[in-house]
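The next block is target_25.pdb, given as PDB, C-alpha atoms.
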```pdb
ATOM      1  CA  MET A   1     100.451 124.813 120.406
ATOM      2  CA  LYS A   2      99.862 127.910 118.261
ATOM      3  CA  THR A   3      97.206 130.387 119.414
ATOM      4  CA  ARG A   4      95.258 129.806 116.179
ATOM      5  CA  GLU A   5      95.113 126.089 116.971
ATOM      6  CA  VAL A   6      93.842 126.832 120.485
ATOM      7  CA  VAL A   7      91.088 129.111 119.137
ATOM      8  CA  PHE A   8      90.005 126.551 116.563
ATOM      9  CA  ARG A   9      90.022 123.750 119.116
ATOM     10  CA  GLU A  10      87.755 125.760 121.420
ATOM     11  CA  LEU A  11      85.431 126.556 118.503
ATOM     12  CA  SER A  12      85.280 122.817 117.820
ATOM     13  CA  ASN A  13      84.212 122.171 121.419
ATOM     14  CA  PRO A  14      81.869 125.036 122.406
ATOM     15  CA  HIS A  15      80.139 123.044 125.202
ATOM     16  CA  THR A  16      76.833 124.743 124.398
ATOM     17  CA  GLU A  17      73.547 123.361 123.022
ATOM     18  CA  ASP A  18      73.419 125.686 120.007
ATOM     19  CA  GLY A  19      77.118 125.369 119.191
ATOM     20  CA  PHE A  20      77.823 129.092 119.733
ATOM     21  CA  ILE A  21      80.468 130.475 122.052
ATOM     22  CA  SER A  22      80.667 134.158 122.952
ATOM     23  CA  GLY A  23      83.706 136.201 121.989
ATOM     24  CA  GLU A  24      84.298 136.989 125.640
ATOM     25  CA  GLU A  25      84.284 133.351 126.716
ATOM     26  CA  LEU A  26      86.405 132.320 123.739
ATOM     27  CA  ALA A  27      88.961 134.994 124.597
ATOM     28  CA  GLU A  28      89.008 133.880 128.232
ATOM     29  CA  ARG A  29      89.464 130.208 127.347
ATOM     30  CA  CYS A  30      92.338 131.038 124.982
ATOM     31  CA  GLY A  31      93.989 133.623 127.239
ATOM     32  CA  ILE A  32      93.876 136.401 124.626
ATOM     33  CA  SER A  33      91.868 139.570 123.942
ATOM     34  CA  ARG A  34      88.562 139.650 122.050
ATOM     35  CA  GLN A  35      90.272 141.690 119.340
ATOM     36  CA  ALA A  36      92.888 138.962 118.971
ATOM     37  CA  VAL A  37      90.097 136.385 118.716
ATOM     38  CA  TRP A  38      88.503 138.341 115.853
ATOM     39  CA  LYS A  39      91.822 138.561 113.990
ATOM     40  CA  ILE A  40      92.360 134.815 114.320
ATOM     41  CA  VAL A  41      88.789 134.090 113.180
ATOM     42  CA  LYS A  42      89.483 136.087 110.009
ATOM     43  CA  ILE A  43      92.688 134.105 109.417
ATOM     44  CA  LEU A  44      90.894 130.784 109.920
ATOM     45  CA  ARG A  45      88.133 131.861 107.544
ATOM     46  CA  ALA A  46      90.744 132.745 104.934
ATOM     47  CA  ARG A  47      92.141 129.239 105.356
ATOM     48  CA  GLY A  48      88.817 127.579 104.658
ATOM     49  CA  ALA A  49      87.025 127.303 107.999
ATOM     50  CA  ARG A  50      83.341 128.271 107.933
ATOM     51  CA  ILE A  51      82.885 130.341 111.100
ATOM     52  CA  GLU A  52      79.657 132.231 111.716
ATOM     53  CA  ALA A  53      79.567 135.385 113.868
ATOM     54  CA  VAL A  54      76.155 136.419 115.251
ATOM     55  CA  THR A  55      75.508 139.439 117.476
ATOM     56  CA  ASN A  56      74.713 138.512 121.081
ATOM     57  CA  ARG A  57      75.431 134.838 120.374
ATOM     58  CA  GLY A  58      79.085 134.752 119.438
ATOM     59  CA  TYR A  59      80.940 132.400 117.096
ATOM     60  CA  HIS A  60      79.880 129.085 115.607
ATOM     61  CA  LEU A  61      82.019 126.634 113.628
ATOM     62  CA  ALA A  62      79.787 125.615 110.724
ATOM     63  CA  GLY A  63      82.399 123.550 108.873
ATOM     64  CA  THR A  64      86.093 122.786 108.688
ATOM     65  CA  GLY A  65      86.318 123.792 105.035
ATOM     66  CA  SER A  66      88.178 122.392 102.057
ATOM     67  CA  LEU A  67      91.315 124.522 102.071
ATOM     68  CA  LEU A  68      93.946 122.528 103.933
ATOM     69  CA  SER A  69      95.301 124.218 107.041
ATOM     70  CA  GLU A  70      97.985 123.097 109.492
ATOM     71  CA  GLU A  71      96.189 124.871 112.330
ATOM     72  CA  ILE A  72      92.796 123.342 111.611
ATOM     73  CA  VAL A  73      94.045 119.775 111.114
ATOM     74  CA  THR A  74      96.213 119.966 114.230
ATOM     75  CA  ALA A  75      93.374 121.378 116.335
ATOM     76  CA  LEU A  76      91.114 118.461 115.364
ATOM     77  CA  ILE A  77      93.589 115.819 116.597
ATOM     78  CA  PRO A  78      93.871 114.900 120.306
ATOM     79  CA  PRO A  79      97.010 116.546 121.792
ATOM     80  CA  GLU A  80      98.133 113.270 123.358
ATOM     81  CA  LEU A  81      98.914 111.855 119.914
ATOM     82  CA  ASP A  82     101.640 114.529 119.625
ATOM     83  CA  VAL A  83     101.379 115.012 115.859
ATOM     84  CA  HIS A  84     103.299 117.519 113.767
ATOM     85  CA  ILE A  85     101.367 118.594 110.675
ATOM     86  CA  LYS A  86     103.070 120.107 107.620
ATOM     87  CA  VAL A  87     100.909 121.290 104.717
ATOM     88  CA  TYR A  88     102.348 122.045 101.279
ATOM     89  CA  GLU A  89     100.543 123.751  98.408
ATOM     90  CA  SER A  90     102.418 121.557  95.932
ATOM     91  CA  ILE A  91     105.086 118.895  96.377
ATOM     92  CA  ASP A  92     106.648 116.134  94.313
ATOM     93  CA  SER A  93     105.439 113.424  96.697
ATOM     94  CA  THR A  94     104.489 113.505 100.364
ATOM     95  CA  SER A  95     106.180 110.138 100.869
ATOM     96  CA  THR A  96     109.343 111.272  99.106
ATOM     97  CA  GLU A  97     109.485 114.315 101.383
ATOM     98  CA  ALA A  98     108.847 112.149 104.450
ATOM     99  CA  LYS A  99     111.670 109.795 103.456
ATOM    100  CA  ARG A 100     113.949 112.785 102.909
ATOM    101  CA  LEU A 101     113.233 113.928 106.461
ATOM    102  CA  CYS A 102     113.917 110.441 107.815
ATOM    103  CA  THR A 103     117.268 110.091 106.043
ATOM    104  CA  GLU A 104     118.395 113.612 106.998
ATOM    105  CA  THR A 105     117.496 113.334 110.694
ATOM    106  CA  ALA A 106     120.000 111.718 113.065
ATOM    107  CA  ASP A 107     117.362 110.657 115.599
ATOM    108  CA  VAL A 108     114.484 109.421 113.465
ATOM    109  CA  ASN A 109     112.297 108.774 116.537
ATOM    110  CA  ARG A 110     111.899 112.541 116.852
ATOM    111  CA  LEU A 111     109.887 112.441 113.623
ATOM    112  CA  ASN A 112     107.304 110.016 114.996
ATOM    113  CA  GLY A 113     103.853 111.443 114.309
ATOM    114  CA  THR A 114     105.038 113.867 111.620
ATOM    115  CA  VAL A 115     102.447 114.136 108.844
ATOM    116  CA  ILE A 116     103.123 115.622 105.398
ATOM    117  CA  ILE A 117      99.988 116.789 103.556
ATOM    118  CA  ALA A 118      99.768 118.380 100.106
ATOM    119  CA  GLU A 119      97.150 120.148  98.023
ATOM    120  CA  GLN A 120      98.777 118.582  94.969
ATOM    121  CA  GLN A 121     101.500 116.059  94.116
ATOM    122  CA  THR A 122     103.496 116.443  90.914
ATOM    123  CA  ALA A 123     105.138 113.023  91.223
ATOM    124  CA  GLY A 124     102.826 110.978  93.427
ATOM    125  CA  ARG A 125     103.964 107.380  93.794
ATOM    126  CA  GLY A 126     102.114 104.095  93.958
ATOM    127  CA  ARG A 127     103.214 100.496  94.242
ATOM    128  CA  LEU A 128     105.751  98.960  91.850
ATOM    129  CA  GLY A 129     106.899 102.375  90.645
ATOM    130  CA  ARG A 130     103.506 103.424  89.341
ATOM    131  CA  SER A 131     102.478 107.069  89.462
ATOM    132  CA  PHE A 132      99.567 108.199  91.630
ATOM    133  CA  PHE A 133      97.173 110.706  90.041
ATOM    134  CA  SER A 134      97.132 113.660  92.468
ATOM    135  CA  PRO A 135      95.328 116.735  91.061
ATOM    136  CA  ARG A 136      94.736 119.896  93.064
ATOM    137  CA  ASP A 137      91.555 120.462  95.122
ATOM    138  CA  SER A 138      89.931 117.061  94.514
ATOM    139  CA  GLY A 139      91.771 114.698  96.839
ATOM    140  CA  LEU A 140      93.752 114.246 100.034
ATOM    141  CA  TYR A 141      97.411 113.267  99.723
ATOM    142  CA  MET A 142      99.355 112.609 102.895
ATOM    143  CA  SER A 143     102.148 110.578 104.472
ATOM    144  CA  ILE A 144     102.478 109.622 108.126
ATOM    145  CA  ILE A 145     105.878 108.925 109.687
ATOM    146  CA  TYR A 146     105.670 106.133 112.235
ATOM    147  CA  ALA A 147     108.938 105.780 114.153
ATOM    148  CA  PRO A 148     108.402 103.787 117.368
ATOM    149  CA  GLU A 149     111.144 103.121 119.896
ATOM    150  CA  LYS A 150     111.302  99.441 118.912
ATOM    151  CA  SER A 151     111.914  98.122 115.404
ATOM    152  CA  ILE A 152     108.906  97.452 113.184
ATOM    153  CA  THR A 153     108.418  93.715 112.708
ATOM    154  CA  SER A 154     105.378  93.542 110.413
ATOM    155  CA  PRO A 155     105.198  96.271 107.730
ATOM    156  CA  ALA A 156     102.321  94.481 105.961
ATOM    157  CA  VAL A 157     100.176  94.756 109.096
ATOM    158  CA  LEU A 158     100.905  98.498 109.214
ATOM    159  CA  THR A 159      99.547  98.820 105.693
ATOM    160  CA  ALA A 160      96.479  96.736 106.476
ATOM    161  CA  SER A 161      95.833  98.659 109.691
ATOM    162  CA  ALA A 162      96.141 101.952 107.844
ATOM    163  CA  ALA A 163      93.425 100.741 105.452
ATOM    164  CA  VAL A 164      91.152 100.081 108.432
ATOM    165  CA  GLY A 165      91.986 103.523 109.821
ATOM    166  CA  VAL A 166      91.063 105.161 106.509
ATOM    167  CA  CYS A 167      87.747 103.289 106.420
ATOM    168  CA  ARG A 168      86.958 104.434 109.947
ATOM    169  CA  ALA A 169      87.765 108.045 109.036
ATOM    170  CA  LEU A 170      85.602 107.909 105.885
ATOM    171  CA  GLU A 171      82.697 106.615 107.953
ATOM    172  CA  ILE A 172      83.109 109.379 110.549
ATOM    173  CA  VAL A 173      83.406 112.248 108.049
ATOM    174  CA  TYR A 174      81.113 111.131 105.206
ATOM    175  CA  GLY A 175      79.038 108.325 106.694
ATOM    176  CA  ILE A 176      80.118 105.817 104.027
ATOM    177  CA  ASP A 177      80.897 102.121 104.466
ATOM    178  CA  ALA A 178      84.066 101.403 102.490
ATOM    179  CA  GLN A 179      85.662  98.045 101.717
ATOM    180  CA  ILE A 180      89.284  96.935 101.517
ATOM    181  CA  LYS A 181      91.005  95.118  98.699
ATOM    182  CA  TRP A 182      94.044  93.226  99.968
ATOM    183  CA  VAL A 183      96.235  94.768 100.998
ATOM    184  CA  ASN A 184      96.437  98.465 100.223
ATOM    185  CA  ASP A 185      93.345  99.655  98.346
ATOM    186  CA  VAL A 186      90.089 101.068  99.695
ATOM    187  CA  PHE A 187      86.948 100.682  97.555
ATOM    188  CA  PHE A 188      83.557 102.376  97.562
ATOM    189  CA  ARG A 189      80.674 101.548  95.206
ATOM    190  CA  GLY A 190      82.873  99.079  93.338
ATOM    191  CA  LYS A 191      85.712 101.506  92.549
ATOM    192  CA  LYS A 192      89.051 102.345  94.113
ATOM    193  CA  ILE A 193      88.943 105.592  96.090
ATOM    194  CA  CYS A 194      92.158 105.236  98.088
ATOM    195  CA  GLY A 195      95.613 103.749  97.725
ATOM    196  CA  ILE A 196      98.016 103.112 100.602
ATOM    197  CA  LEU A 197     101.754 102.490 100.331
ATOM    198  CA  ALA A 198     103.856 101.743 103.422
ATOM    199  CA  GLU A 199     107.635 101.954 102.986
ATOM    200  CA  GLY A 200     110.099 100.890 105.657
ATOM    201  CA  ILE A 201     113.434 102.570 106.382
ATOM    202  CA  THR A 202     116.129 100.212 107.659
ATOM    203  CA  ASN A 203     118.697 100.983 110.330
ATOM    204  CA  PHE A 204     121.916  99.745 108.738
ATOM    205  CA  GLU A 205     123.580  99.164 112.111
ATOM    206  CA  THR A 206     120.858  96.921 113.550
ATOM    207  CA  GLY A 207     119.306  95.665 110.316
ATOM    208  CA  GLY A 208     115.829  96.394 111.710
ATOM    209  CA  ILE A 209     113.134  98.620 110.242
ATOM    210  CA  GLU A 210     113.345 101.726 112.410
ATOM    211  CA  CYS A 211     110.473 103.672 110.864
ATOM    212  CA  ALA A 212     107.753 103.492 108.244
ATOM    213  CA  VAL A 213     106.382 106.105 105.885
ATOM    214  CA  VAL A 214     102.695 105.411 105.289
ATOM    215  CA  GLY A 215     101.495 107.200 102.158
ATOM    216  CA  ILE A 216      97.740 107.649 101.701
ATOM    217  CA  GLY A 217      95.965 109.096  98.677
ATOM    218  CA  ILE A 218      92.175 109.530  98.685
ATOM    219  CA  ASN A 219      90.006 110.608  95.734
ATOM    220  CA  ILE A 220      87.286 112.785  97.265
ATOM    221  CA  LEU A 221      85.729 114.522  94.253
ATOM    222  CA  PRO A 222      85.105 112.990  90.817
ATOM    223  CA  GLY A 223      87.485 114.200  88.138
ATOM    224  CA  SER A 224      89.024 113.509  84.769
ATOM    225  CA  PHE A 225      91.035 110.398  85.496
ATOM    226  CA  PRO A 226      93.638 109.258  82.939
ATOM    227  CA  PRO A 227      92.326 106.612  80.490
ATOM    228  CA  GLU A 228      94.157 103.793  82.270
ATOM    229  CA  LEU A 229      92.371 104.692  85.541
ATOM    230  CA  ALA A 230      88.943 105.742  84.290
ATOM    231  CA  GLY A 231      87.393 102.285  84.605
ATOM    232  CA  VAL A 232      88.880 101.567  88.030
ATOM    233  CA  ALA A 233      89.142 104.821  89.992
ATOM    234  CA  GLY A 234      86.201 106.389  91.791
ATOM    235  CA  ALA A 235      85.556 109.126  94.316
ATOM    236  CA  VAL A 236      83.940 109.492  97.721
ATOM    237  CA  LEU A 237      81.524 112.231  96.609
ATOM    238  CA  ASP A 238      79.438 112.663  93.458
ATOM    239  CA  ASN A 239      79.136 116.445  93.334
ATOM    240  CA  THR A 240      82.215 118.410  92.259
ATOM    241  CA  ASP A 241      80.856 121.452  94.126
ATOM    242  CA  ALA A 242      80.514 119.611  97.437
ATOM    243  CA  ASP A 243      82.489 120.548 100.537
ATOM    244  CA  THR A 244      85.344 118.053 100.553
ATOM    245  CA  LYS A 245      85.851 118.436 104.333
ATOM    246  CA  ARG A 246      89.526 117.719 103.722
ATOM    247  CA  ASN A 247      90.678 119.138 107.049
ATOM    248  CA  ALA A 248      88.270 116.919 108.948
ATOM    249  CA  LEU A 249      89.214 113.915 106.814
ATOM    250  CA  ALA A 250      92.955 114.496 107.252
ATOM    251  CA  ALA A 251      92.561 114.830 111.018
ATOM    252  CA  ASN A 252      90.407 111.712 111.310
ATOM    253  CA  VAL A 253      92.744 109.624 109.134
ATOM    254  CA  VAL A 254      95.743 110.624 111.249
ATOM    255  CA  LYS A 255      93.811 110.071 114.470
ATOM    256  CA  SER A 256      92.460 106.681 113.383
ATOM    257  CA  VAL A 257      95.746 105.338 112.018
ATOM    258  CA  LEU A 258      97.981 106.522 114.873
ATOM    259  CA  THR A 259      95.462 105.394 117.487
ATOM    260  CA  ILE A 260      95.685 101.893 116.003
ATOM    261  CA  TYR A 261      99.504 102.015 115.848
ATOM    262  CA  THR A 262     100.047 103.359 119.363
ATOM    263  CA  GLY A 263      96.937 102.290 121.262
ATOM    264  CA  THR A 264      96.044  99.299 123.371
ATOM    265  CA  GLU A 265      93.546  97.892 120.853
ATOM    266  CA  GLY A 266      96.166  95.611 119.322
ATOM    267  CA  PHE A 267      96.470  94.469 115.720
ATOM    268  CA  VAL A 268      94.478  91.225 116.017
ATOM    269  CA  PRO A 269      91.080  92.948 116.545
ATOM    270  CA  VAL A 270      91.985  95.406 113.782
ATOM    271  CA  MET A 271      92.686  92.530 111.406
ATOM    272  CA  LYS A 272      89.260  91.094 112.255
ATOM    273  CA  GLU A 273      87.727  94.377 111.097
ATOM    274  CA  TYR A 274      89.975  94.190 108.041
ATOM    275  CA  ARG A 275      88.519  90.779 107.180
ATOM    276  CA  ASP A 276      84.975  92.040 107.776
ATOM    277  CA  ARG A 277      85.641  94.800 105.232
ATOM    278  CA  SER A 278      87.398  92.505 102.743
ATOM    279  CA  LEU A 279      86.248  92.929  99.162
ATOM    280  CA  LEU A 280      87.902  89.757  97.853
ATOM    281  CA  THR A 281      86.823  87.021 100.240
ATOM    282  CA  GLY A 282      84.940  84.322  98.335
ATOM    283  CA  MET A 283      85.761  85.895  94.963
ATOM    284  CA  PRO A 284      87.475  84.116  92.035
ATOM    285  CA  VAL A 285      90.713  85.834  91.001
ATOM    286  CA  ILE A 286      93.693  85.443  88.709
ATOM    287  CA  VAL A 287      96.924  85.649  90.692
ATOM    288  CA  ASN A 288     100.019  87.237  89.171
ATOM    289  CA  PRO A 289     103.016  86.383  91.421
ATOM    290  CA  VAL A 290     104.886  89.541  90.191
ATOM    291  CA  ILE A 291     108.050  88.937  92.247
ATOM    292  CA  ASP A 292     108.613  85.359  91.083
ATOM    293  CA  GLN A 293     108.568  85.892  87.323
ATOM    294  CA  THR A 294     109.249  82.195  86.714
ATOM    295  CA  GLN A 295     105.796  81.321  88.037
ATOM    296  CA  LYS A 296     102.838  81.747  85.689
ATOM    297  CA  ASN A 297      99.510  83.344  86.520
ATOM    298  CA  TYR A 298      96.915  81.012  87.994
ATOM    299  CA  THR A 299      93.273  81.092  89.007
ATOM    300  CA  ALA A 300      92.113  80.785  92.604
ATOM    301  CA  VAL A 301      89.348  81.665  95.022
ATOM    302  CA  VAL A 302      90.125  83.982  97.946
ATOM    303  CA  VAL A 303      89.530  82.192 101.249
ATOM    304  CA  GLY A 304      90.547  84.905 103.706
ATOM    305  CA  VAL A 305      93.310  87.032 105.238
ATOM    306  CA  THR A 306      95.658  86.008 108.049
ATOM    307  CA  ASP A 307      96.408  88.059 111.178
ATOM    308  CA  ASP A 308      99.722  89.058 109.602
ATOM    309  CA  ALA A 309      97.968  90.387 106.479
ATOM    310  CA  LYS A 310      98.657  87.532 104.058
ATOM    311  CA  LEU A 311      96.043  86.511 101.496
ATOM    312  CA  ILE A 312      94.799  82.904 101.600
ATOM    313  CA  VAL A 313      93.638  81.447  98.293
ATOM    314  CA  LYS A 314      92.508  78.030  97.103
ATOM    315  CA  THR A 315      93.642  77.034  93.615
ATOM    316  CA  ALA A 316      91.620  75.170  91.016
ATOM    317  CA  ASP A 317      93.304  71.869  91.975
ATOM    318  CA  GLY A 318      92.310  72.291  95.637
ATOM    319  CA  GLN A 319      95.639  73.524  97.014
ATOM    320  CA  THR A 320      95.677  76.295  99.619
ATOM    321  CA  ARG A 321      98.312  78.992  99.225
ATOM    322  CA  THR A 322      99.243  81.951 101.409
ATOM    323  CA  LEU A 323     100.391  85.031  99.503
ATOM    324  CA  GLU A 324     102.696  87.683 100.890
ATOM    325  CA  SER A 325     102.727  89.754  97.703
ATOM    326  CA  GLY A 326     101.408  89.751  94.171
ATOM    327  CA  GLU A 327      98.666  91.127  91.976
ATOM    328  CA  VAL A 328      95.273  89.770  91.011
ATOM    329  CA  SER A 329      92.779  90.311  88.242
ATOM    330  CA  LEU A 330      89.117  90.545  89.180
ATOM    331  CA  HIS A 331      86.279  91.162  86.734
ATOM    332  CA  SER A 332      88.775  91.906  83.936
ATOM    333  CA  ASN A 333      90.530  94.658  85.904
ATOM    334  CA  SER A 334      94.016  94.391  87.397
ATOM    335  CA  PHE A 335      94.647  95.742  90.880
ATOM    336  CA  ALA A 336      97.838  96.050  92.944
ATOM    337  CA  LEU A 337      97.960  94.113  96.175
ATOM    338  CA  ARG A 338     100.529  95.191  98.732
TER     339      ARG A 338
END
```
Have the structure of the file written as structure tokens, please.
Amino acid sequence: MKTREVVFRELSNPHTEDGFISGEELAERCGISRQAVWKIVKILRARGARIEAVTNRGYHLAGTGSLLSEEIVTALIPPELDVHIKVYESIDSTSTEAKRLCTETADVNRLNGTVIIAEQQTAGRGRLGRSFFSPRDSGLYMSIIYAPEKSITSPAVLTASAAVGVCRALEIVYGIDAQIKWVNDVFFRGKKICGILAEGITNFETGGIECAVVGIGINILPGSFPPELAGVAGAVLDNTDADTKRNALAANVVKSVLTIYTGTEGFVPVMKEYRDRSLLTGMPVIVNPVIDQTQKNYTAVVVGVTDDAKLIVKTADGQTRTLESGEVSLHSNSFALR
């Protein structure tokens, strides 16, 4: 771990009632000089962290800041998750870069826990080849590489679980209660604030999915959305001058998602939370099969979601169908599902 990450981690856990830690104690904890501590504090401030320095009291971390920093995000994630954070000022797509890494690396398992984060995407990607609006300074754009030792058997559940992880992170950082629209969209106050796209990479020798790239894009601040998105897209915050807390959000998203993927909680309880947060259950929708172009759109009512992340609907003639993919229209707006 870099010394800057150690200093920030100690600032995040001062173990004092007032949140201050003296320069002497901070230096001792980190195994460096007080002068070195001061230099690192200046670097962290330049990277967005709000660190107060008060005579006879020491240092206090007042906020994680909005400027994305590898050191700050890494320091906010438990070491046992063994993440590797890479932050880019601008990139074509975090998921495209993640897939490049996966295809260029002989042992893809070594990339497990690698997270690509960008201030801006110039070619952000959504489902079905759509672009993902990714302007600078107003959102969080990231991709997590999940490469377990065993093959991935249920990519749809990974997507659904990531949606739950995002909702948990939003609640921790902003105190909001978000909902999920099957299977990859997160909604707040009736508008989409986050899209998730999980892409599997197949091992051609075994035929199994050896890793997944989970792309996550979150609209934090309101902005000038393109006309085709203006009626659908929303943001977490109302004030464009607000502290986006992007470092804290990035760390909590990574922590929440990877804890679900690698922890003992299991996917069944997570899917229960997914259903509790479901935006569509009980709602009338128009289903567009998308993949099967020979089948026409039809109306249905959403009944629920299965443990393997399939949507259950009841059609107008009383039939129950289980959908693995498709799109629906709700309240005259079309949303991607999966």
Next on the checklist: What's around Val302 in chain A at 9 Å? Count all atoms listed in the file, leave out sequence neighbours fewer than 5 positions away in its own chain, and write the answer as a PyMOL selection string.
Outcome noted: chain A and resi 280-285+311-315
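Nearest to Ile145 in chain A of all the residues A:Val164, A:Ile286, A:Ala309, A:Leu258 is A:Leu258, counting only C-alpha atoms.
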Checklist entry - Which residues fall under the PyMOL selection byres ((chain A and resi 32-34) around 12) in this file, as JSON, numbers by chain? => result {"A": [3, 4, 6, 7, 22, 23, 24, 25, 26, 27, 28, 29, 30, 31, 35, 36, 37, 38, 39, 40, 41, 58, 59]}
Checklist entry - Which residues match the PyMOL selection byres ((chain A and resi 244) around 7) in the file above, as a list in words? => result Ser66, Ile220, Ala242, Asp243, Lys245 and Arg246 of chain A
Item to check | Result set, the PyMOL selection byres ((chain A and resi 110-126) around 8) on current file, as a PyMOL selection string | outcome: chain A and resi 68+81-95+97-98+102+107-109+127-137+139-148+195-197+254+258
Checklist entry - Got a sec: who's within 9 Å of Ser278 in chain A, counting only C-alpha atoms, leaving out chain neighbours fewer than 2 positions off, as a ChimeraX atom specification? => result /A:179-182,273-276,280-281,304-305
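Restricting the calculation to only C-alpha atoms, the smallest distance between Leu323 in chain A and any of A:Asn219, A:Ser151, A:Ser161, A:Asn288 is found for A:Asn288.
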Item to check | Shell of 10 Å around Ile77 in chain A, only C-alpha atoms, local chain residues under 4 positions omitted, as a list in words | outcome: Arg9, Ile72, Val73, Leu81, Asp82, Val83, Ala248, Ala250, Ala251, Asn252, Val253, Val254, Lys255 and Ser256 of chain A
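Residues near the point (84.2, 103.2, 89.0), at a distance of 7 Å or less over all atoms listed in the file, make up A:Gly190, A:Lys191, A:Gly231, A:Val232, A:Ala233, A:Gly234.
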Go ahead and write the residues just picked, C-alpha atoms, as a PDB file, in the frame of the given file.
```pdb
ATOM      1  CA  GLY A 190      82.873  99.079  93.338  1.00  0.00           C
ATOM      2  CA  LYS A 191      85.712 101.506  92.549  1.00  0.00           C
ATOM      3  CA  GLY A 231      87.393 102.285  84.605  1.00  0.00           C
ATOM      4  CA  VAL A 232      88.880 101.567  88.030  1.00  0.00           C
ATOM      5  CA  ALA A 233      89.142 104.821  89.992  1.00  0.00           C
ATOM      6  CA  GLY A 234      86.201 106.389  91.791  1.00  0.00           C
TER       7      GLY A 234
END
```
Item to check | Distance in Å - CA of Asn203 in chain A versus CA of Gly165 in chain A | outcome: 26.8 Å
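Nearest residue to Asp238 in chain A among A:Cys211, A:Gly200, A:Pro78, A:Arg189 is A:Arg189, counting all atoms listed in the file.
Atom to atom, CA of Ala198 in chain A and CA of Met271 in chain A stand 16.5 Å apart.
With CA of Asn56 in chain A on one side and CA of Ile21 in chain A on the other, the separation reads 9.9 Å.
The closest residue to Gly215 in chain A, picked from A:Ser154, A:Thr264, A:Gln319, A:Asn184 and counting only C-alpha atoms, is A:Asn184.
Checking A:Gly207, A:Ile51, A:Ser138, A:Phe187 one by one against Phe225 in chain A, counting all atoms listed in the file, you find the shortest gap at A:Ser138.
Using all atoms listed in the file, the nearest neighbour of Ala46 in chain A within the list A:Ala75, A:Leu67, A:Lys192, A:Leu61 is A:Leu67.
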Coords for range 251-255 of chain A, all heavy atoms, as a PDB file, in the first residue's frame:
```
ATOM      1  N   ALA A 251     -15.752   4.173  -3.561  1.00  0.00           N
ATOM      2  CA  ALA A 251     -15.272   3.177  -2.593  1.00  0.00           C
ATOM      3  C   ALA A 251     -16.415   2.322  -2.082  1.00  0.00           C
ATOM      4  O   ALA A 251     -16.283   1.088  -1.960  1.00  0.00           O
ATOM      5  CB  ALA A 251     -14.580   3.882  -1.435  1.00  0.00           C
ATOM      6  N   ASN A 252     -17.552   2.933  -1.779  1.00  0.00           N
ATOM      7  CA  ASN A 252     -18.681   2.177  -1.241  1.00  0.00           C
ATOM      8  C   ASN A 252     -19.338   1.291  -2.288  1.00  0.00           C
ATOM      9  O   ASN A 252     -19.836   0.205  -1.955  1.00  0.00           O
ATOM     10  CB  ASN A 252     -19.697   3.126  -0.609  1.00  0.00           C
ATOM     11  CG  ASN A 252     -19.326   3.510   0.803  1.00  0.00           C
ATOM     12  OD1 ASN A 252     -19.522   2.755   1.746  1.00  0.00           O
ATOM     13  ND2 ASN A 252     -18.745   4.703   0.957  1.00  0.00           N
ATOM     14  N   VAL A 253     -19.349   1.721  -3.552  1.00  0.00           N
ATOM     15  CA  VAL A 253     -19.878   0.856  -4.614  1.00  0.00           C
ATOM     16  C   VAL A 253     -18.994  -0.380  -4.754  1.00  0.00           C
ATOM     17  O   VAL A 253     -19.491  -1.517  -4.789  1.00  0.00           O
ATOM     18  CB  VAL A 253     -19.961   1.611  -5.965  1.00  0.00           C
ATOM     19  CG1 VAL A 253     -20.231   0.626  -7.103  1.00  0.00           C
ATOM     20  CG2 VAL A 253     -21.069   2.659  -5.922  1.00  0.00           C
ATOM     21  N   VAL A 254     -17.686  -0.168  -4.843  1.00  0.00           N
ATOM     22  CA  VAL A 254     -16.762  -1.294  -4.972  1.00  0.00           C
ATOM     23  C   VAL A 254     -16.893  -2.229  -3.779  1.00  0.00           C
ATOM     24  O   VAL A 254     -16.982  -3.455  -3.926  1.00  0.00           O
ATOM     25  CB  VAL A 254     -15.310  -0.793  -5.098  1.00  0.00           C
ATOM     26  CG1 VAL A 254     -14.332  -1.966  -5.044  1.00  0.00           C
ATOM     27  CG2 VAL A 254     -15.124  -0.021  -6.395  1.00  0.00           C
ATOM     28  N   LYS A 255     -16.903  -1.650  -2.585  1.00  0.00           N
ATOM     29  CA  LYS A 255     -16.994  -2.449  -1.363  1.00  0.00           C
ATOM     30  C   LYS A 255     -18.294  -3.245  -1.322  1.00  0.00           C
ATOM     31  O   LYS A 255     -18.298  -4.449  -1.015  1.00  0.00           O
ATOM     32  CB  LYS A 255     -16.887  -1.531  -0.147  1.00  0.00           C
ATOM     33  CG  LYS A 255     -16.942  -2.226   1.190  1.00  0.00           C
ATOM     34  CD  LYS A 255     -16.515  -1.291   2.321  1.00  0.00           C
ATOM     35  CE  LYS A 255     -17.366  -0.039   2.378  1.00  0.00           C
ATOM     36  NZ  LYS A 255     -17.004   0.824   3.518  1.00  0.00           N
TER      37      LYS A 255
END
```
